[in-house]
Amino acid sequence: MALFVVNCLTMKILVALTYYRPHISGLTIYAERLARAWVRRGHTVTLLTSQYDASLPAREVVQGVDVVRVPVLMRISKGVVMPTIGWVATQLVPRHDVLSLHLPQLDAAGLAARARVWHRPAVLTYHSDLALPPSGVNWLAGSVVAMVNHVSARLSDKIVAHNADLARHSPFLSRYQHKVAYILPPLEMPEPTPEGVHAFRERHRLVGRGPIIGLAARLAAEKGVEYLFEALPLVLEHYPSALILHVGPREAIGEAAYLQKLKPLMERYRAHYLSLGTLPEADMPSFFASCDVLTLPSVNSTETFGMVQVEAALCGTPCVASALPGVREVHKLTGMGLAVPPRDPRALAGALLEVLNNREAYIRPRGPIAELFAPSVTATQYEELFETLLKN
């Protein structure tokens, strides 16, 4: 690293991840907020990702971030094959000061290797262990990704994790504790207004309905949505008019079979389930504020934090989430919610009822939560990490 010197007041940062906007997931939202925060702080940010939808432009500037999309030859499970990414990466890596790689990502090892060749620091942000539905193709895909992740970790200079609870329990992170740094995700959510919430409730015919149990998630197997439906009858015994209000993509990449599994449950409880699809960002504060409680019933290690817990808290709404490593730490930081064992509908129903019955006990001021998770704070901590590596 000593061969390369940079003015650390401003940096050229290359960010790489498989999917980016308009694809919606916790990982893409994390990367978007972080990249935008770096741009606001004066850095030059290039984001290397897949052209997973052929209609997307190969290159565009989005809110100051130079987005470079590489054509996709084929998709394997949730991953993509991009034959030309090596050539593109070879052009981009030497033009930047540092690499920010987001795992899981099939191409991370090649990018980290190029960082070594050109003496650029590479920092991995590890978002989740990959857990795919059982099948021969998924087993192969999972094995390849696991191998790539380990090669990437060995070639990288640092690995960022959300918290120590995740790092201790992750089969991957626990092997690289000597490289792990802890940085909380960048989270922001405008404060909802009474007028905006009222208009949202009127527009979606929510006035007089409820209590409302919010679900903000794409319909993917790891989200455990079926357990929320299984918990619903126990909630309805106490609140006969309870409503699950769902926002997020219904047809997620690689999740067609899971959607078919959920459809009978959606039909059975159609009087108590309403899907609004993917909302505009401007509507999200009103969505969260319209909910009496949010739920995150995820079931495996693909979920490692659950950023929606914090987003809901910033809108005054507590959350009941699965007690998964990393995820179960969030309500301790916000003071707004409970954690329950995953795949346990009875425990989930009990916690939802506890929050609905004693909601004021789970409400905390917005200010300290917003300060703790501010994107500028996350960006600064990454910058300090980059600068330390560049000096070594």
# chains A, B, ... in the order shown; residues from 1 in each chain; ligands from 1
>>> residues_around(residues="Ser322 (chain A)", least_positions_apart="2", cutoff="12 Å", atoms="only C-alpha atoms", output="compact mmCIF listing (two decimals) with C-alpha atoms, in the first residue's frame")
# COMPACT_ATOMS: atom_id res chain seq x y z
CA GLU A 222 -35.81 -15.76 3.92
CA LYS A 223 -38.40 -13.17 4.98
CA GLY A 224 -40.61 -15.82 6.62
CA VAL A 225 -43.87 -14.15 5.62
CA TYR A 227 -45.12 -17.32 9.75
CA LEU A 228 -46.78 -13.92 9.96
CA LEU A 294 -43.98 -3.36 12.05
CA THR A 295 -42.88 -6.97 11.80
CA LEU A 296 -39.78 -8.65 10.41
CA PRO A 297 -40.37 -12.43 10.66
CA SER A 298 -37.17 -13.48 8.82
CA VAL A 299 -35.97 -17.05 9.22
CA ASN A 300 -32.29 -17.39 8.34
CA SER A 301 -28.87 -15.77 8.14
CA GLU A 303 -31.19 -11.36 7.28
CA THR A 304 -28.41 -9.83 9.38
CA PHE A 305 -29.72 -6.47 10.55
CA GLY A 306 -33.16 -5.51 9.29
CA GLN A 309 -36.61 -1.73 12.08
CA CYS A 319 -41.05 -3.46 15.44
CA VAL A 320 -41.27 -7.15 16.30
CA LEU A 324 -31.47 -13.74 14.50
CA PRO A 325 -27.80 -12.78 15.04
CA GLY A 326 -27.40 -9.09 14.26
CA VAL A 327 -31.15 -8.56 13.81
CA ARG A 328 -31.88 -9.07 17.52
CA GLU A 329 -29.50 -6.24 18.46
CA VAL A 330 -31.47 -3.52 16.70
CA HIS A 331 -34.31 -3.15 19.22
CA GLY A 337 -39.55 -3.32 19.83
CA LEU A 338 -39.10 -6.97 20.69
CA ALA A 339 -37.25 -9.98 19.29
CA VAL A 340 -38.79 -13.45 19.13
CA PRO A 341 -37.55 -16.89 18.01
CA PRO A 342 -37.77 -17.34 14.22
CA ARG A 343 -40.32 -19.76 12.73
CA ASP A 344 -42.50 -19.51 15.85
CA PRO A 345 -45.96 -18.12 14.96
CA ALA A 347 -44.23 -16.29 19.87
CA LEU A 348 -44.62 -13.81 17.02
CA ALA A 349 -48.33 -13.34 17.78
CA ALA A 351 -45.04 -10.20 20.85
CA LEU A 352 -47.29 -8.39 18.39
>>> residues_around(residues="Leu356 (chain A)", least_positions_apart="5", cutoff="10 Å", atoms="only C-alpha atoms", output="VMD selection string")
chain A and resid 211 to 213 235 239 292 to 293 318 350 to 351 362
>>> select_by_dssp(residues="region 155-375 of chain A", states="helix (DSSP H, G or I)", output="number ranges by chain")
A: 155, 164-169, 173-179, 194-203, 221-223, 225-238, 256-268, 270-272, 281-290, 307-313, 327-334, 345-357, 359-362, 366-372, 375
>>> closest_residue(among="A:His127, A:His204, A:Arg69, A:Lys12", to="Glu383 (chain A)", atoms="only C-alpha atoms")
A:Lys12
>>> residues_around(residues="region 111-119 of chain A", least_positions_apart="2", cutoff="6 Å", atoms="only C-alpha atoms", output="mmCIF file with N, CA and C atoms, in the first residue's frame")
data_model
loop_
_atom_site.group_PDB
_atom_site.id
_atom_site.type_symbol
_atom_site.label_atom_id
_atom_site.label_comp_id
_atom_site.auth_asym_id
_atom_site.auth_seq_id
_atom_site.Cartn_x
_atom_site.Cartn_y
_atom_site.Cartn_z
ATOM 1 N N MET A 1 0.816 -1.203 0.000
ATOM 2 C CA MET A 1 0.000 0.000 0.000
ATOM 3 C C MET A 1 0.861 1.269 0.000
ATOM 4 N N ALA A 108 -16.581 -10.639 -6.548
ATOM 5 C CA ALA A 108 -15.779 -9.902 -5.569
ATOM 6 C C ALA A 108 -14.329 -10.349 -5.544
ATOM 7 N N ALA A 109 -14.070 -11.647 -5.711
ATOM 8 C CA ALA A 109 -12.690 -12.145 -5.639
ATOM 9 C C ALA A 109 -11.828 -11.535 -6.743
ATOM 10 N N SER A 152 -12.168 -13.666 -1.450
ATOM 11 C CA SER A 152 -12.280 -12.211 -1.327
ATOM 12 C C SER A 152 -11.816 -11.743 0.043
ATOM 13 N N LEU A 155 -8.052 -11.745 0.324
ATOM 14 C CA LEU A 155 -7.407 -10.704 -0.465
ATOM 15 C C LEU A 155 -7.721 -9.297 0.027
#
>>> residues_around(residues="Ile24 (chain A)", least_positions_apart="6", cutoff="10 Å", atoms="only C-alpha atoms", output="PyMOL selection string")
chain A and resi 217-218+248-249+252+278
>>> atom_distance(atom1="CA of Ala221 (chain A)", atom2="CA of Glu255 (chain A)")
7.1 Å
>>> residues_around(residues="Ala58 (chain A)", least_positions_apart="2", cutoff="8 Å", atoms="only C-alpha atoms", output="MDAnalysis selection string")
chainID A and resid 51 56 60 68:71
>>> atom_distance(atom1="CA of Arg21 (chain A)", atom2="CA of Val45 (chain A)")
15.1 Å
>>> residues_around(residues="Val247 (chain A)", least_positions_apart="4", cutoff="7 Å", atoms="only C-alpha atoms", output="count of residues only")
8
>>> closest_residue(among="A:Ala161, A:Met189, A:Ala289, A:Leu265", to="Glu311 (chain A)", atoms="only C-alpha atoms")
A:Met189
>>> atom_distance(atom1="CA of Gln260 (chain A)", atom2="CA of Tyr273 (chain A)")
16.0 Å
>>> residues_around(residues="Leu124 (chain A)", least_positions_apart="6", cutoff="9 Å", atoms="only C-alpha atoms", output="ChimeraX atom specification")
/A:99-103,108,112,152-153,156-161
>>> closest_residue(among="A:Ser290, A:Pro264, A:Val72, A:Asp107", to="Gly86 (chain A)", atoms="only C-alpha atoms")
A:Asp107
